[in-house]
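**Q** Below is data-v3.pdb; it holds PDB, C-alpha atoms and all ligand atoms.
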```
ATOM      1  CA  MET A  23       0.000   0.000   0.000
ATOM      2  CA  PRO A  24       1.430   3.440  -0.882
ATOM      3  CA  LEU A  25       2.530   5.373   2.226
ATOM      4  CA  ASP A  26       0.156   8.320   1.663
ATOM      5  CA  VAL A  27      -2.842   5.950   1.422
ATOM      6  CA  TYR A  28      -1.709   4.184   4.609
ATOM      7  CA  HIS A  29      -1.395   7.518   6.473
ATOM      8  CA  SER A  30      -4.788   8.715   5.354
ATOM      9  CA  LEU A  31      -6.360   5.382   6.478
ATOM     10  CA  CYS A  32      -4.712   5.799   9.896
ATOM     11  CA  ASP A  33      -5.994   9.389  10.128
ATOM     12  CA  GLN A  34      -9.484   8.205   9.262
ATOM     13  CA  ARG A  35      -9.300   5.400  11.823
ATOM     14  CA  LEU A  36      -8.099   7.842  14.508
ATOM     15  CA  ALA A  37     -10.960  10.208  13.692
ATOM     16  CA  ASP A  38     -13.467   7.318  13.886
ATOM     17  CA  LEU A  39     -12.113   6.185  17.252
ATOM     18  CA  ARG A  40     -12.371   9.731  18.610
ATOM     19  CA  ALA A  41     -15.901  10.212  17.318
ATOM     20  CA  ASP A  42     -17.456   6.787  17.894
ATOM     21  CA  PHE A  43     -15.701   4.986  20.711
ATOM     22  CA  LEU A  44     -13.824   7.337  23.016
ATOM     23  CA  PRO A  45     -16.950   9.256  24.137
ATOM     24  CA  ARG A  46     -18.047   5.975  25.783
ATOM     25  CA  LEU A  47     -15.052   6.258  28.118
ATOM     26  CA  GLU A  48     -15.932   9.732  29.368
ATOM     27  CA  GLY A  49     -15.823   9.846  33.153
ATOM     28  CA  MET A  50     -13.859   6.584  33.339
ATOM     29  CA  ALA A  51     -10.620   7.995  34.665
ATOM     30  CA  LYS A  52      -9.045   4.623  35.468
ATOM     31  CA  LEU A  53      -9.030   1.828  32.950
ATOM     32  CA  THR A  54      -7.916  -1.774  32.663
ATOM     33  CA  LEU A  55      -6.863  -2.530  29.090
ATOM     34  CA  GLU A  56      -6.333  -5.789  27.241
ATOM     35  CA  ILE A  57      -4.393  -5.477  24.004
ATOM     36  CA  GLY A  58      -5.149  -8.295  21.562
ATOM     37  CA  CYS A  59      -8.154  -9.553  23.539
ATOM     38  CA  GLY A  60      -9.271 -12.042  20.867
ATOM     39  CA  HIS A  61     -12.818 -13.214  21.634
ATOM     40  CA  GLY A  62     -12.645 -11.610  25.065
ATOM     41  CA  HIS A  63     -12.641 -14.755  27.210
ATOM     42  CA  TYR A  64     -10.093 -13.460  29.675
ATOM     43  CA  LEU A  65     -11.253  -9.862  29.967
ATOM     44  CA  SER A  66     -14.945 -10.655  30.271
ATOM     45  CA  ALA A  67     -14.219 -13.017  33.189
ATOM     46  CA  TYR A  68     -11.860 -10.405  34.670
ATOM     47  CA  ALA A  69     -14.517  -7.667  34.359
ATOM     48  CA  ALA A  70     -17.172  -9.870  35.985
ATOM     49  CA  ALA A  71     -14.836 -10.512  38.914
ATOM     50  CA  HIS A  72     -13.815  -6.836  39.237
ATOM     51  CA  PRO A  73     -17.049  -4.841  38.983
ATOM     52  CA  THR A  74     -15.436  -1.629  40.262
ATOM     53  CA  GLU A  75     -12.944  -1.523  37.367
ATOM     54  CA  PHE A  76     -13.788  -0.368  33.847
ATOM     55  CA  CYS A  77     -12.194  -2.625  31.245
ATOM     56  CA  VAL A  78     -11.447  -2.053  27.580
ATOM     57  CA  GLY A  79     -10.553  -4.852  25.169
ATOM     58  CA  ILE A  80      -9.013  -4.052  21.811
ATOM     59  CA  ASP A  81      -8.212  -6.314  18.900
ATOM     60  CA  LEU A  82      -7.342  -5.876  15.247
ATOM     61  CA  ILE A  83      -9.993  -8.341  14.092
ATOM     62  CA  ALA A  84     -13.600  -7.150  13.857
ATOM     63  CA  ASP A  85     -15.215 -10.567  14.213
ATOM     64  CA  ARG A  86     -13.385 -11.225  17.511
ATOM     65  CA  ILE A  87     -14.576  -7.893  18.910
ATOM     66  CA  TYR A  88     -18.122  -8.617  17.756
ATOM     67  CA  ARG A  89     -18.125 -11.986  19.548
ATOM     68  CA  ALA A  90     -16.620 -10.469  22.699
ATOM     69  CA  GLY A  91     -19.388  -7.846  22.723
ATOM     70  CA  ARG A  92     -22.090 -10.456  22.203
ATOM     71  CA  LYS A  93     -20.775 -12.476  25.116
ATOM     72  CA  THR A  94     -20.710  -9.575  27.595
ATOM     73  CA  GLY A  95     -24.020  -8.237  26.232
ATOM     74  CA  ARG A  96     -25.679 -11.568  27.054
ATOM     75  CA  ALA A  97     -24.105 -11.490  30.512
ATOM     76  CA  ARG A  98     -25.248  -7.859  30.950
ATOM     77  CA  LEU A  99     -21.757  -6.820  31.980
ATOM     78  CA  ASP A 100     -21.645  -3.047  31.896
ATOM     79  CA  ASN A 101     -18.052  -2.441  33.016
ATOM     80  CA  VAL A 102     -16.387  -3.561  29.813
ATOM     81  CA  ALA A 103     -16.178  -2.085  26.301
ATOM     82  CA  TRP A 104     -14.684  -3.579  23.144
ATOM     83  CA  VAL A 105     -13.218  -1.878  20.144
ATOM     84  CA  GLN A 106     -11.578  -2.957  16.936
ATOM     85  CA  ALA A 107      -8.315  -1.057  16.930
ATOM     86  CA  GLU A 108      -4.607  -1.393  16.409
ATOM     87  CA  ALA A 109      -2.815  -0.968  19.743
ATOM     88  CA  THR A 110      -0.548   1.983  18.939
ATOM     89  CA  LEU A 111      -3.338   3.837  17.152
ATOM     90  CA  PHE A 112      -5.679   3.323  20.110
ATOM     91  CA  LEU A 113      -3.050   4.582  22.564
ATOM     92  CA  ASP A 114      -2.459   7.629  20.351
ATOM     93  CA  ALA A 115      -6.168   8.417  20.381
ATOM     94  CA  LEU A 116      -6.767   7.841  24.109
ATOM     95  CA  PRO A 117      -7.028  11.200  25.906
ATOM     96  CA  ARG A 118      -4.283  11.823  28.463
ATOM     97  CA  ASP A 119      -6.768  12.221  31.324
ATOM     98  CA  HIS A 120      -7.325   8.440  31.328
ATOM     99  CA  ARG A 121      -5.031   6.307  33.469
ATOM    100  CA  LEU A 122      -4.295   2.711  32.551
ATOM    101  CA  GLU A 123      -3.946   0.922  35.869
ATOM    102  CA  ARG A 124      -3.460  -2.517  34.335
ATOM    103  CA  ILE A 125      -2.603  -3.593  30.837
ATOM    104  CA  PHE A 126      -2.825  -7.238  29.805
ATOM    105  CA  LEU A 127      -0.910  -8.630  26.852
ATOM    106  CA  LEU A 128      -1.695 -12.336  26.741
ATOM    107  CA  PHE A 129      -0.343 -14.774  24.176
ATOM    108  CA  SER A 130       0.451 -11.929  21.827
ATOM    109  CA  ASP A 131       1.504 -13.143  18.357
ATOM    110  CA  PRO A 132       5.171 -14.222  18.711
ATOM    111  CA  TRP A 133       6.282 -13.567  15.119
ATOM    112  CA  PRO A 134       9.068 -16.184  15.379
ATOM    113  CA  LYS A 135      11.150 -15.082  12.364
ATOM    114  CA  ARG A 136      13.698 -12.387  13.184
ATOM    115  CA  ARG A 137      12.708 -10.250  10.207
ATOM    116  CA  HIS A 138       9.152 -10.137  11.637
ATOM    117  CA  TRP A 139      10.084  -9.198  15.215
ATOM    118  CA  LYS A 140       9.214  -5.606  14.399
ATOM    119  CA  ASN A 141       5.565  -6.746  14.281
ATOM    120  CA  ARG A 142       5.567  -7.896  17.896
ATOM    121  CA  VAL A 143       3.292  -5.765  20.035
ATOM    122  CA  LEU A 144       5.724  -5.511  22.943
ATOM    123  CA  GLN A 145       8.380  -3.031  21.839
ATOM    124  CA  SER A 146      10.292  -0.294  23.604
ATOM    125  CA  SER A 147       8.160   2.188  21.640
ATOM    126  CA  LEU A 148       5.002   0.678  23.173
ATOM    127  CA  LEU A 149       6.453   1.141  26.686
ATOM    128  CA  ASP A 150       7.254   4.763  25.733
ATOM    129  CA  GLN A 151       3.739   5.267  24.471
ATOM    130  CA  LEU A 152       2.271   3.924  27.720
ATOM    131  CA  LEU A 153       4.242   6.347  29.920
ATOM    132  CA  PRO A 154       1.866   9.350  29.700
ATOM    133  CA  LEU A 155      -1.149   7.056  30.120
ATOM    134  CA  THR A 156       0.078   5.291  33.263
ATOM    135  CA  GLU A 157       1.362   6.257  36.691
ATOM    136  CA  PRO A 158       3.935   4.751  39.046
ATOM    137  CA  GLY A 159       2.698   1.310  40.036
ATOM    138  CA  SER A 160       0.603   0.759  36.892
ATOM    139  CA  ALA A 161       1.088  -2.837  35.786
ATOM    140  CA  LEU A 162       1.714  -4.485  32.442
ATOM    141  CA  HIS A 163       0.962  -8.222  32.633
ATOM    142  CA  PHE A 164       2.624 -10.266  29.906
ATOM    143  CA  ARG A 165       2.109 -13.986  29.282
ATOM    144  CA  THR A 166       3.253 -16.156  26.387
ATOM    145  CA  ASP A 167       3.873 -19.766  25.441
ATOM    146  CA  HIS A 168       6.781 -18.710  23.208
ATOM    147  CA  HIS A 169      10.024 -18.912  25.153
ATOM    148  CA  GLU A 170      12.019 -16.710  22.796
ATOM    149  CA  TYR A 171       9.356 -13.943  22.786
ATOM    150  CA  PHE A 172       9.318 -14.165  26.595
ATOM    151  CA  GLU A 173      13.068 -13.511  26.729
ATOM    152  CA  TYR A 174      12.810 -10.765  24.112
ATOM    153  CA  ALA A 175       9.999  -9.056  26.061
ATOM    154  CA  GLN A 176      11.952  -9.229  29.324
ATOM    155  CA  LYS A 177      15.006  -7.695  27.630
ATOM    156  CA  ILE A 178      12.864  -4.840  26.283
ATOM    157  CA  VAL A 179      11.603  -4.091  29.803
ATOM    158  CA  PHE A 180      15.073  -4.439  31.410
ATOM    159  CA  ALA A 181      16.464  -1.909  28.939
ATOM    160  CA  HIS A 182      13.672   0.622  29.509
ATOM    161  CA  THR A 183      14.108   3.282  32.184
ATOM    162  CA  GLY A 184      10.371   3.773  32.771
ATOM    163  CA  TRP A 185       9.434   0.185  33.627
ATOM    164  CA  ARG A 186      10.837  -2.644  35.742
ATOM    165  CA  ILE A 187      10.015  -6.315  36.139
ATOM    166  CA  ALA A 188       8.424  -7.103  39.489
ATOM    167  CA  GLY A 189       8.962 -10.297  41.440
ATOM    168  CA  ALA A 190       5.975 -12.633  41.818
ATOM    169  CA  ASP A 191       5.770 -11.748  45.557
ATOM    170  CA  GLU A 192       5.490  -8.055  44.803
ATOM    171  CA  ALA A 193       3.036  -8.384  41.930
ATOM    172  CA  PRO A 194       1.298 -11.771  41.887
ATOM    173  CA  TRP A 195      -0.666 -12.575  38.735
ATOM    174  CA  PRO A 196      -3.912 -10.705  39.370
ATOM    175  CA  PHE A 197      -6.491 -13.117  38.002
ATOM    176  CA  GLU A 198      -6.408 -16.601  36.559
ATOM    177  CA  GLN A 199      -8.774 -17.516  33.751
ATOM    178  CA  PRO A 200      -7.411 -19.413  30.751
ATOM    179  CA  SER A 201      -7.667 -17.468  27.510
ATOM    180  CA  VAL A 202      -8.256 -19.391  24.270
ATOM    181  CA  PHE A 203      -4.533 -19.421  23.504
ATOM    182  CA  GLN A 204      -3.651 -20.371  27.064
ATOM    183  CA  GLU A 205      -5.873 -23.424  26.729
ATOM    184  CA  ARG A 206      -4.123 -24.299  23.475
ATOM    185  CA  ALA A 207      -0.773 -23.953  25.246
ATOM    186  CA  ALA A 208      -1.798 -26.258  28.089
ATOM    187  CA  GLU A 209       0.651 -28.966  27.034
ATOM    188  CA  ILE A 210       3.704 -26.850  26.303
ATOM    189  CA  GLY A 211       3.236 -24.433  29.185
ATOM    190  CA  TYR A 212       3.700 -20.670  29.333
ATOM    191  CA  HIS A 213       5.689 -17.917  31.065
ATOM    192  CA  SER A 214       4.490 -14.685  32.642
ATOM    193  CA  PHE A 215       5.895 -11.494  34.086
ATOM    194  CA  THR A 216       4.494  -8.266  35.407
ATOM    195  CA  ALA A 217       6.253  -5.001  34.608
ATOM    196  CA  LEU A 218       5.582  -2.055  36.887
ATOM    197  CA  ARG A 219       5.789   1.570  35.832
ATOM    198  CA  ARG A 220       8.561   3.317  37.805
TER     199      ARG A 220
HETATM  200  C1  LIG B 301      -2.541 -15.076  19.456
HETATM  201  S1  LIG B 301      -3.982 -14.118  19.635
HETATM  202  C2  LIG B 301      -4.257 -14.159  21.415
HETATM  203  C3  LIG B 301      -5.673 -13.785  21.775
HETATM  204  C4  LIG B 301      -5.970 -13.819  23.299
HETATM  205  N1  LIG B 301      -5.191 -12.820  23.997
HETATM  206  C5  LIG B 301      -5.730 -15.181  23.885
HETATM  207  O1  LIG B 301      -4.819 -15.323  24.717
HETATM  208  O2  LIG B 301      -6.475 -16.106  23.530
HETATM  209  C6  LIG B 301      -3.347 -12.462  19.429
HETATM  210  C7  LIG B 301      -4.431 -11.446  19.200
HETATM  211  O3  LIG B 301      -3.822 -10.160  19.154
HETATM  212  C8  LIG B 301      -4.418  -9.404  18.115
HETATM  213  N2  LIG B 301      -3.436  -8.383  17.707
HETATM  214  C9  LIG B 301      -2.248  -8.605  17.104
HETATM  215  N3  LIG B 301      -1.587  -7.447  16.906
HETATM  216  C10 LIG B 301      -2.380  -6.470  17.411
HETATM  217  C11 LIG B 301      -2.266  -5.056  17.498
HETATM  218  N4  LIG B 301      -1.163  -4.431  17.014
HETATM  219  N5  LIG B 301      -3.264  -4.352  18.064
HETATM  220  C12 LIG B 301      -4.382  -4.995  18.526
HETATM  221  N6  LIG B 301      -4.552  -6.339  18.479
HETATM  222  C13 LIG B 301      -3.565  -7.064  17.934
HETATM  223  C14 LIG B 301      -4.740 -10.432  17.043
HETATM  224  O4  LIG B 301      -5.749 -10.004  16.183
HETATM  225  C15 LIG B 301      -5.166 -11.631  17.884
HETATM  226  O5  LIG B 301      -6.559 -11.673  18.119
END
```
What do you get writing this file as structure tokens?

**A**
Amino acid sequence: MPLDVYHSLCDQRLADLRADFLPRLEGMAKLTLEIGCGHGHYLSAYAAAHPTEFCVGIDLIADRIYRAGRKTGRARLDNVAWVQAEATLFLDALPRDHRLERIFLLFSDPWPKRRHWKNRVLQSSLLDQLLPLTEPGSALHFRTDHHEYFEYAQKIVFAHTGWRIAGADEAPWPFEQPSVFQERAAEIGYHSFTALRR
């Protein structure tokens, strides 16, 4: 796709997010965000168990967001909202008066080939982008079944001055509910860490 077409699509998507979705978050100062929520299995269970938190699930794929919404609509859960969005675009659009208290990134696509690593969601630039939307103690919970992505993600956090990896005693995993990809990984196992904003 030519670069100017790509930029104008991004501008249009940003404008749509600002007009159609972000007004739904008005008054919700503190948010729990899941990036790449898939069909919303994890976040809908999390939202049901944490009725005082307002949760937002984002995913690139429209059908997954539609199914997530149908599920929480049937359950009449009113503390969760879903939106089809690319993570960095969503974070660009989110007004700075929101605070992300928790961010979940669960079984994010590992992009195993080195030339594709740039497509991984967890990058130093993502941690930069989260800084103005978080405060000290805000948590980023990362889980994967891909050992090499786990090591890569840890290195990204270690090298970043704004975030640090917390020990399991300091920041235990906040809520256990297998996501679709966690269930698929049941045999090979998975690794988790929590990064805390300094
Ligand atoms: C491997 S699936 C994991 C889904 C779910 N978290 C789970 O554990 O079952 C990764 C999901 O992340 C979404 N995704 C990938 N890159 C994304 C991005 N840049 N922004 C938003 N969602 C993204 C994909 O569409 C996909 O649904």

**Q** Set the cut-off to 6 Å, count all atoms listed in the file, and list whatever residues fall near ligand LIG 301 (chain B) as a list in words.

**A**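 Listed by chain and ascending number, the contacts are Ile57, Gly58, Cys59, Gly60, Ile80, Asp81, Leu82, Ile83, Ala107, Glu108, Ala109, Leu128, Phe129, Ser130, Asp131, Val143, Ser201, Val202, Phe203 and Gln204 of chain A.
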
**Q** Kindly indicate which residue among A:Gly189, A:Gly184, A:Pro73, A:Pro132 lies nearest to Tyr171 in chain A, using all atoms listed in the file for the distances.

**A** A:Pro132

**Q** Dump as a tab-separated table the rows for residues of range 77-158 of chain A within 9 Å of range 177-180 of chain A: closest atom pair and distance in Å with one decimal, all atoms listed in the file counted, ordered by chain and rising residue number.

**A**
```
residue	atom	partner	partner_atom	distance
A:Leu144	CA	A:Ile178	CA	7.9
A:Gln145	CA	A:Ile178	CA	6.6
A:Ser146	CA	A:Ile178	CA	5.9
A:Leu149	CA	A:Val179	CA	8.0
```

**Q** So, with only C-alpha atoms as the atoms that count, which of A:Tyr28, A:Asp167, A:Arg142, A:Ala161 lies closest to Glu192 in chain A?

**A**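 So, comparing all the options, the nearest one is A:Ala161.
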
**Q** Applying the PyMOL selection byres (((chain A and resi 216) around 8) and not hetatm) to the file I just gave you, which residues come out? Please list them as a PyMOL selection string.

**A** chain A and resi 161-164+187-190+193+195+214-215+217-218

**Q** Take the residues from that selection and put them in a file with C-alpha atoms, as a compact mmCIF listing (two decimals), keeping the file's coordinate frame.

**A**
```
# COMPACT_ATOMS: atom_id res chain seq x y z
CA ALA A 161 1.09 -2.84 35.79
CA LEU A 162 1.71 -4.49 32.44
CA HIS A 163 0.96 -8.22 32.63
CA PHE A 164 2.62 -10.27 29.91
CA ILE A 187 10.02 -6.32 36.14
CA ALA A 188 8.42 -7.10 39.49
CA GLY A 189 8.96 -10.30 41.44
CA ALA A 190 5.98 -12.63 41.82
CA ALA A 193 3.04 -8.38 41.93
CA TRP A 195 -0.67 -12.58 38.74
CA SER A 214 4.49 -14.68 32.64
CA PHE A 215 5.90 -11.49 34.09
CA ALA A 217 6.25 -5.00 34.61
CA LEU A 218 5.58 -2.06 36.89
```

**Q** In terms of the shortest atom-to-atom distance over only C-alpha atoms, which of A:Asp85, A:Arg219, A:Phe197, A:Arg206 is closest to Leu153 in chain A?

**A**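 Looking at the shortest contact to Leu153 in chain A, the residue is A:Arg219.
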
**Q** Taking only C-alpha atoms into account, which of A:Ala97, A:Leu65, A:Ala103, A:Leu55 comes nearest Phe43 in chain A?

**A**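 The answer is A:Ala103, which sits nearest to Phe43 in chain A.
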
**Q** What is the CA of Leu113 in chain A-CA of Asp33 in chain A distance in Å, reported with one decimal?

**A**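 Here the two named atoms are 13.7 Å from each other.
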
**Q** Could you check how far CA of Ala41 in chain A sits from CA of Thr110 in chain A, in Å to one decimal?

**A** 17.5 Å

**Q** Hey, what comes out of the PyMOL selection byres (((chain A and resi 156) around 8) and not hetatm) on this file? Could you write it as a PDB file with C-alpha atoms, in the coordinates of the input?

**A**
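Result file follows (expr.pdb):
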```pdb
ATOM      1  CA  ARG A 121      -5.031   6.307  33.469  1.00  0.00           C
ATOM      2  CA  LEU A 122      -4.295   2.711  32.551  1.00  0.00           C
ATOM      3  CA  GLU A 123      -3.946   0.922  35.869  1.00  0.00           C
ATOM      4  CA  LEU A 152       2.271   3.924  27.720  1.00  0.00           C
ATOM      5  CA  LEU A 153       4.242   6.347  29.920  1.00  0.00           C
ATOM      6  CA  PRO A 154       1.866   9.350  29.700  1.00  0.00           C
ATOM      7  CA  LEU A 155      -1.149   7.056  30.120  1.00  0.00           C
ATOM      8  CA  GLU A 157       1.362   6.257  36.691  1.00  0.00           C
ATOM      9  CA  PRO A 158       3.935   4.751  39.046  1.00  0.00           C
ATOM     10  CA  SER A 160       0.603   0.759  36.892  1.00  0.00           C
ATOM     11  CA  ARG A 219       5.789   1.570  35.832  1.00  0.00           C
TER      12      ARG A 219
END
```

**Q** When you look at Glu198 in chain A with a cut-off of 10 Å (counting all atoms listed in the file), what residues show up, excluding the ones that are within fewer than 4 positions of it in the same chain? I need them as a ChimeraX atom specification.

**A** /A:64,67-68

**Q** A:Asp191, A:Asp114, A:Glu170, A:Glu56: which is nearest Ala37 in chain A, counting all atoms listed in the file?

**A**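 The shortest atom-to-atom distance to Ala37 in chain A comes from A:Asp114.
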
**Q** Of the candidates A:Glu75, A:Asp119, A:Asp42, A:Glu48, which one gets nearest to Gln106 in chain A if we count all atoms listed in the file?

**A**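 Answer, going by the shortest atom-to-atom distance: A:Asp42.
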
**Q** In Å to one decimal, how far is CA of Leu36 in chain A from CA of Thr74 in chain A?

**A**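 Here the two named atoms are 28.4 Å from each other.
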
**Q** Report, as lines of an AutoDock Vina configuration file, the centre and edge lengths in Å (one decimal) of the axis-aligned box enclosing every listed atom of range 47-60 of chain A, padded by 5 Å on each side.

**A**
```
center_x = -10.2
center_y = -1.1
center_z = 28.2
size_x = 21.5
size_y = 31.9
size_z = 24.6
```

**Q** Given the file shown, enumerate the residues that the PyMOL selection byres (((chain A and resi 93) around 12) and not hetatm) captures and present them as a PDB file with C-alpha atoms, in the frame of the given file.

**A**
```pdb
ATOM      1  CA  HIS A  61     -12.818 -13.214  21.634  1.00  0.00           C
ATOM      2  CA  GLY A  62     -12.645 -11.610  25.065  1.00  0.00           C
ATOM      3  CA  HIS A  63     -12.641 -14.755  27.210  1.00  0.00           C
ATOM      4  CA  TYR A  64     -10.093 -13.460  29.675  1.00  0.00           C
ATOM      5  CA  LEU A  65     -11.253  -9.862  29.967  1.00  0.00           C
ATOM      6  CA  SER A  66     -14.945 -10.655  30.271  1.00  0.00           C
ATOM      7  CA  ALA A  67     -14.219 -13.017  33.189  1.00  0.00           C
ATOM      8  CA  ALA A  70     -17.172  -9.870  35.985  1.00  0.00           C
ATOM      9  CA  ARG A  86     -13.385 -11.225  17.511  1.00  0.00           C
ATOM     10  CA  ILE A  87     -14.576  -7.893  18.910  1.00  0.00           C
ATOM     11  CA  TYR A  88     -18.122  -8.617  17.756  1.00  0.00           C
ATOM     12  CA  ARG A  89     -18.125 -11.986  19.548  1.00  0.00           C
ATOM     13  CA  ALA A  90     -16.620 -10.469  22.699  1.00  0.00           C
ATOM     14  CA  GLY A  91     -19.388  -7.846  22.723  1.00  0.00           C
ATOM     15  CA  ARG A  92     -22.090 -10.456  22.203  1.00  0.00           C
ATOM     16  CA  THR A  94     -20.710  -9.575  27.595  1.00  0.00           C
ATOM     17  CA  GLY A  95     -24.020  -8.237  26.232  1.00  0.00           C
ATOM     18  CA  ARG A  96     -25.679 -11.568  27.054  1.00  0.00           C
ATOM     19  CA  ALA A  97     -24.105 -11.490  30.512  1.00  0.00           C
ATOM     20  CA  ARG A  98     -25.248  -7.859  30.950  1.00  0.00           C
ATOM     21  CA  LEU A  99     -21.757  -6.820  31.980  1.00  0.00           C
ATOM     22  CA  ASP A 100     -21.645  -3.047  31.896  1.00  0.00           C
ATOM     23  CA  VAL A 102     -16.387  -3.561  29.813  1.00  0.00           C
ATOM     24  CA  ALA A 103     -16.178  -2.085  26.301  1.00  0.00           C
ATOM     25  CA  TRP A 104     -14.684  -3.579  23.144  1.00  0.00           C
TER      26      TRP A 104
END
```
